[in-house]
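Colleague: Quick one: structure below, then a few questions.
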Amino acid sequence: MTAPLQPLLNDALAVLRAPAQVWSAPDGELGGAPIHGVYVGDVRLVRAVRIAVDGHRPEHLATGGERADRVRIDALVRTLDDPTPDPGMRLILDREATSRGSTDRITLRSRLSEPVVARVEIEIRPDAAPVDRVKLGLAETTAAAPELERIGGGIEWTGEQIRARLHADGLDVRIDAGLVLLSGAIEVPATGEATVGWAIETVDAGAVVEGVDTSPSWSSPTVASADDRLGRWIARGLADLDALRMTTSSHPADEFIAAGAPWFFTLFGRDSIWTARMLLPLGTGLAGSTLRVLARLQGVKTNDATAEEPGKIMHELRRASLALDGADGELPPHYYGTVDATPLWILLLHDAWRWGLPEEEVRALLPNLRAALGWMRDHGDADGDGLLEYVDRSGRGLANQGWKDSGDSVQWRDGTLAEGPIALAEVQGYAYEAARRGADLLQALGESGAEEWRAWADRLRERFHAAFWIEDPAGAYPAIALDVAKRPVDTVTSNMAHLLGTGLLDATQVDLVVRRLVDPSLDSGYGLRTMSTDSAGYWPMSYHGGSVWAHDTAIAVLGLAREGRGDDAASLVDGLLRAAAGFGYRMPELHSGDPASEVSVPVPYPAACRPQAWSAAASVAVLTAVLGLEPDGDGVSVRPISSFGRVRVDGVRIGGRSISVDVHSTPPPA
């Protein structure tokens, strides 16, 4: 018997408005691939949709749209046409995702001189499969068909506390052997058109997160450049981020960005923080609300089953427990298994304050700041050695709890796995900077404790320098981590890039890290590989062992810019722009680490989520680095990367201040 397989995503069309999403083939049909369906929350409510006109499938022409929540699909219906070569009968499918479901509108448009009567038939297969079963490849064999009820003119059914109602416009509705069948004879007038459609709407009695229908709080920059790829990536990225906005059901006024589609339509501490942090140059509203959402869920007790600890920022919020890929793995609905979200929360608070978050909002979060700082000292440093480490004490959670959280992400250069507790290199950089920036906040707001945290940071820095630096024939570099025996794990990885700009490295060490990052063993030409090609475990399709993640590369670019190494960042920027163009500017969660010297377009990682929040936000991070944007008192300082090209940015407002930048330099080669 074939083992269950995770659905592939790279060829599927996604239309979304969190928490709803529709995955289909590019021609709009659902059912031909395991990922296909209409999802709301963590439940797939429709498995298949097939359209026929006079018994024939429409012939697909084109699919397009600039918005994440809407797509237009053009097709031909030649069985209704005249015999001339010019197409005279077209079908246009307009699909829209809403925060409570989705709508399909089908328009038949004719240039013919006589009216046409067409019989439209739509076959819909309802479903009630939990999304984690879909992800594990188990939904087709384990999901029972939902019980359908005819209520009024529509059809209703329930899956996982989500009540779905399907209704049609211009079509008859009936139930037949577990299917919903829509049909009708549609008269298309001469040189005219006729429209029919159907919609699904839901009520979620068990929702812990909900969608947002208001306009986003951030500014949308207009970017013009000799190289238009950055502007196009930003436009696509902000459209996707708009569709990923969510709130918790208990506090709907505060928004955050869900991690990504299709699996992560919910709050993820690390992802939501990084996304809000990258968007800070466009406004502080999202950062403020993300900080408050996570502060309300901050840990208050010790619970090994959920990984909760006092002061800890959570990892993931779900309506129910989530099955992992392993047979015994399961995450509880409130899960705190992350070692980096807490220092990153502190950094977001500090950076938002610098970018103009109102002081009263910052002061309201000072108790949470103190609790987060205390977690780093009292719980994050579990063995008292001055460094932050993690271990899954439950035996059922995530074995690795940094951003590279797959089971094989921390390995030695010979390919063997490191044993935990694990102290990750980048987490020490986050913690050092968080303690320093937390101290800056306390001091600036007239609070006590600043010197205590600066002293704690200094001790961490000293310990890091003594424990993490190792050498190979190419020179010294920081290990990815320390293992259970406090041995430096020697794989060369992208983790070291996250240390740039944190203050943890001295000037000589910055040079050593930069030398590694620009080497072809890490720089693929489409972004920064997660693992160097000289490691035994390297594989370009490995989730964290050789692939490229846009946000990871963007963090490296930001760090290089903060260290004054903009020219070194230019190659990584150009690699990201090549990748963005290759993916139609909707950057996936990750892509293959195959080198640009071998492949003319970036190779997809076939199970990568898209859109993914921090991959979309990476576009703004690159803009920030390219222009050298930094808050500077009542204004914004600009220190552009001179080698990037000519960039003009207009229409960005930050805390009531506007940015208009025109950078003159040599355009990139054709």
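The way I read the labels, and the way they are meant: chains A, B, ... in the order of the structure tokens, residue 1 as the first residue of every chain, and ligand 1 as the first ligand shown, with later ones counted on from there.
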Extract, using only C-alpha atoms, all DNA, RNA and protein residues at most 12 Å from region 507-510 of chain A, discarding same-chain residues fewer than 2 positions from it, and format them as an NGL selection string.
Modeller: :A and (465 or 468-470 or 475-478 or 496-505 or 512-517 or 556 or 559-565 or 568)
Colleague: From the DSSP assignment of the backbone, select every residue of region 275-348 of chain A that is strand (DSSP E), and format the answer as a ChimeraX atom specification.
Modeller: /A:316-317,322-323,330-331,334-335
Colleague: May I have the selected residues written with N, CA, C and O atoms, as a PDB file, in the first residue's frame?
Modeller:
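Once written, out_25.pdb looks like this:
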```
ATOM      1  N   GLU A 316       1.954  29.043  18.442  1.00  0.00           N
ATOM      2  CA  GLU A 316       0.881  28.749  17.504  1.00  0.00           C
ATOM      3  C   GLU A 316      -0.452  28.649  18.230  1.00  0.00           C
ATOM      4  O   GLU A 316      -0.533  28.084  19.318  1.00  0.00           O
ATOM      5  N   LEU A 317      -1.489  29.188  17.597  1.00  0.00           N
ATOM      6  CA  LEU A 317      -2.845  29.163  18.149  1.00  0.00           C
ATOM      7  C   LEU A 317      -3.753  28.435  17.176  1.00  0.00           C
ATOM      8  O   LEU A 317      -3.836  28.786  16.006  1.00  0.00           O
ATOM      9  N   LEU A 322      -3.299  19.699  16.733  1.00  0.00           N
ATOM     10  CA  LEU A 322      -2.857  19.555  15.352  1.00  0.00           C
ATOM     11  C   LEU A 322      -1.928  18.356  15.244  1.00  0.00           C
ATOM     12  O   LEU A 322      -0.902  18.290  15.926  1.00  0.00           O
ATOM     13  N   ALA A 323      -2.271  17.402  14.378  1.00  0.00           N
ATOM     14  CA  ALA A 323      -1.427  16.234  14.159  1.00  0.00           C
ATOM     15  C   ALA A 323      -0.189  16.630  13.363  1.00  0.00           C
ATOM     16  O   ALA A 323      -0.275  17.364  12.372  1.00  0.00           O
ATOM     17  N   GLU A 330       1.893  15.696  18.118  1.00  0.00           N
ATOM     18  CA  GLU A 330       0.647  16.453  18.137  1.00  0.00           C
ATOM     19  C   GLU A 330       0.875  17.742  18.907  1.00  0.00           C
ATOM     20  O   GLU A 330       1.439  17.726  19.995  1.00  0.00           O
ATOM     21  N   LEU A 331       0.422  18.854  18.321  1.00  0.00           N
ATOM     22  CA  LEU A 331       0.549  20.137  18.990  1.00  0.00           C
ATOM     23  C   LEU A 331      -0.783  20.513  19.628  1.00  0.00           C
ATOM     24  O   LEU A 331      -1.828  20.432  18.979  1.00  0.00           O
ATOM     25  N   HIS A 334      -3.088  25.656  22.154  1.00  0.00           N
ATOM     26  CA  HIS A 334      -2.227  26.762  22.563  1.00  0.00           C
ATOM     27  C   HIS A 334      -0.835  26.176  22.779  1.00  0.00           C
ATOM     28  O   HIS A 334      -0.596  25.466  23.756  1.00  0.00           O
ATOM     29  N   TYR A 335       0.081  26.464  21.842  1.00  0.00           N
ATOM     30  CA  TYR A 335       1.393  25.821  21.886  1.00  0.00           C
ATOM     31  C   TYR A 335       2.487  26.879  21.955  1.00  0.00           C
ATOM     32  O   TYR A 335       2.474  27.851  21.193  1.00  0.00           O
TER      33      TYR A 335
END
```
Colleague: List the spatial neighbours of region 211-222 of chain A as number ranges by chain - criterion: any atom at most 9 Å away, only C-alpha atoms, same-chain residues fewer than 3 positions off excluded.
Modeller: A: 17-20, 98-100, 231, 234-235, 238, 241-248, 252, 255, 279-286, 648-654
Colleague: Leaving out Ala596 (chain A) and any residue of its chain fewer than 2 positions from it, which residues lie within 8 Å of it when counting only C-alpha atoms, given as number ranges by chain?
Modeller: A: 524-526, 594, 598-602
Colleague: Find the nearest atom pair between each residue of region 553-620 of chain A and region 266-275 of chain A for residues within 10 Å, count only C-alpha atoms, give distances in Å to one decimal, sort rows by chain and ascending number, and present the table as a Markdown table.
Modeller:
```
| residue | atom | partner | partner_atom | distance |
| --- | --- | --- | --- | --- |
| A:Ile555 | CA | A:Trp274 | CA | 9.4 |
| A:Gln612 | CA | A:Asp271 | CA | 9.2 |
| A:Ala613 | CA | A:Thr275 | CA | 6.3 |
| A:Trp614 | CA | A:Thr275 | CA | 5.0 |
| A:Ser615 | CA | A:Thr275 | CA | 8.6 |
| A:Ala616 | CA | A:Thr275 | CA | 8.4 |
| A:Ala617 | CA | A:Thr275 | CA | 5.7 |
| A:Ala618 | CA | A:Thr275 | CA | 8.0 |
| A:Val620 | CA | A:Thr275 | CA | 9.6 |
```
Colleague: Next, write the just-selected residues to a file, as a PDB file, in the first residue's frame, keeping N, CA and C atoms as the atom set.
Modeller:
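Final output, result.pdb:
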```pdb
ATOM      1  N   ILE A 555      16.428  38.835   5.824  1.00  0.00           N
ATOM      2  CA  ILE A 555      17.036  39.148   7.129  1.00  0.00           C
ATOM      3  C   ILE A 555      18.534  39.345   6.963  1.00  0.00           C
ATOM      4  N   GLN A 612       3.026  33.170   1.675  1.00  0.00           N
ATOM      5  CA  GLN A 612       3.560  33.019   3.027  1.00  0.00           C
ATOM      6  C   GLN A 612       3.863  34.427   3.538  1.00  0.00           C
ATOM      7  N   ALA A 613       3.486  34.699   4.775  1.00  0.00           N
ATOM      8  CA  ALA A 613       3.527  36.076   5.267  1.00  0.00           C
ATOM      9  C   ALA A 613       4.913  36.684   5.186  1.00  0.00           C
ATOM     10  N   TRP A 614       5.897  36.000   5.756  1.00  0.00           N
ATOM     11  CA  TRP A 614       7.206  36.667   5.793  1.00  0.00           C
ATOM     12  C   TRP A 614       7.909  36.631   4.439  1.00  0.00           C
ATOM     13  N   SER A 615       7.511  35.734   3.538  1.00  0.00           N
ATOM     14  CA  SER A 615       8.037  35.804   2.171  1.00  0.00           C
ATOM     15  C   SER A 615       7.488  37.034   1.451  1.00  0.00           C
ATOM     16  N   ALA A 616       6.214  37.350   1.693  1.00  0.00           N
ATOM     17  CA  ALA A 616       5.632  38.565   1.113  1.00  0.00           C
ATOM     18  C   ALA A 616       6.246  39.810   1.739  1.00  0.00           C
ATOM     19  N   ALA A 617       6.384  39.807   3.072  1.00  0.00           N
ATOM     20  CA  ALA A 617       6.944  40.967   3.772  1.00  0.00           C
ATOM     21  C   ALA A 617       8.417  41.171   3.454  1.00  0.00           C
ATOM     22  N   ALA A 618       9.094  40.120   2.994  1.00  0.00           N
ATOM     23  CA  ALA A 618      10.508  40.259   2.625  1.00  0.00           C
ATOM     24  C   ALA A 618      10.699  41.322   1.555  1.00  0.00           C
ATOM     25  N   VAL A 620       9.282  44.246   1.418  1.00  0.00           N
ATOM     26  CA  VAL A 620       9.426  45.534   2.101  1.00  0.00           C
ATOM     27  C   VAL A 620      10.760  45.588   2.836  1.00  0.00           C
TER      28      VAL A 620
END
```
Colleague: Figure out the distance between CA of His36 (chain A) and CA of Ala608 (chain A), please, to one decimal in Å.
Modeller: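 It comes out at 14.9 Å.
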Colleague: Can you pull out the residues contacting Leu522 (chain A)? Cut-off 12 Å, using only C-alpha atoms, and skip same-chain residues under 5 positions away; I want them as a PyMOL selection string.
Modeller: chain A and resi 491-497+513-517+527-535+538+540+545-548+553+556+571-572+575+593-595
Colleague: Pick out the closest residue to Pro189 (chain A) from this set: A:Glu140, A:Asp304, A:Asp574, A:Glu114. Count only C-alpha atoms.
Modeller: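 Ranked by minimum distance to Pro189 (chain A), first place goes to A:Glu114.
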Colleague: Which residue is closest to Leu61 (chain A)? Choose from A:Pro26, A:Gly402, A:Gly41, A:Gly88 and count only C-alpha atoms.
Modeller: A:Pro26
Colleague: Considering only C-alpha atoms, return as a ChimeraX atom specification whatever protein or nucleic-acid residues lie within 10 Å of region 457-462 of chain A, sequence-local ones (same chain, fewer than 3 positions apart) excluded.
Modeller: /A:385-388,428-429,431-436,439,451-454,465-467,503-505
Colleague: Store the residues picked out above in a file with C-alpha atoms, as a PDB file, in the first residue's frame.
Modeller:
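Wrote it out as again.pdb, contents follow:
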```
ATOM      1  CA  ASP A 385      25.103  28.768  31.239  1.00  0.00           C
ATOM      2  CA  GLY A 386      24.210  32.246  29.978  1.00  0.00           C
ATOM      3  CA  LEU A 387      22.790  31.053  26.637  1.00  0.00           C
ATOM      4  CA  LEU A 388      19.250  30.314  25.426  1.00  0.00           C
ATOM      5  CA  GLN A 428      21.781  34.258  20.992  1.00  0.00           C
ATOM      6  CA  GLY A 429      21.889  37.244  18.633  1.00  0.00           C
ATOM      7  CA  ALA A 431      18.531  37.575  22.923  1.00  0.00           C
ATOM      8  CA  TYR A 432      21.563  39.851  23.110  1.00  0.00           C
ATOM      9  CA  GLU A 433      19.911  42.561  21.052  1.00  0.00           C
ATOM     10  CA  ALA A 434      16.596  42.104  22.899  1.00  0.00           C
ATOM     11  CA  ALA A 435      18.244  42.585  26.300  1.00  0.00           C
ATOM     12  CA  ARG A 436      20.064  45.703  25.082  1.00  0.00           C
ATOM     13  CA  ALA A 439      17.173  48.143  28.524  1.00  0.00           C
ATOM     14  CA  GLU A 451      21.732  48.268  33.732  1.00  0.00           C
ATOM     15  CA  GLU A 452      20.784  44.785  34.921  1.00  0.00           C
ATOM     16  CA  TRP A 453      19.792  43.769  31.407  1.00  0.00           C
ATOM     17  CA  ARG A 454      22.805  45.368  29.773  1.00  0.00           C
ATOM     18  CA  HIS A 465      32.286  34.337  21.672  1.00  0.00           C
ATOM     19  CA  ALA A 466      33.894  31.648  23.813  1.00  0.00           C
ATOM     20  CA  ALA A 467      31.605  28.804  22.756  1.00  0.00           C
ATOM     21  CA  GLY A 503      25.599  43.959  17.931  1.00  0.00           C
ATOM     22  CA  LEU A 504      26.771  40.510  18.974  1.00  0.00           C
ATOM     23  CA  LEU A 505      29.675  40.455  16.475  1.00  0.00           C
TER      24      LEU A 505
END
```
Colleague: Counting only C-alpha atoms, what is within 7 Å of Glu187 (chain A), bar same-chain residues fewer than 4 positions away, as a PDB file with C-alpha atoms, in the first residue's frame?
Modeller:
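Writing the result to part_7.pdb gives the following:
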```pdb
ATOM      1  CA  PRO A 115     -29.519  34.346 -28.981  1.00  0.00           C
ATOM      2  CA  VAL A 116     -28.005  31.141 -27.636  1.00  0.00           C
ATOM      3  CA  VAL A 117     -29.496  28.833 -25.035  1.00  0.00           C
ATOM      4  CA  ALA A 118     -26.828  26.999 -23.047  1.00  0.00           C
ATOM      5  CA  ALA A 194     -25.740  36.185 -19.048  1.00  0.00           C
TER       6      ALA A 194
END
```
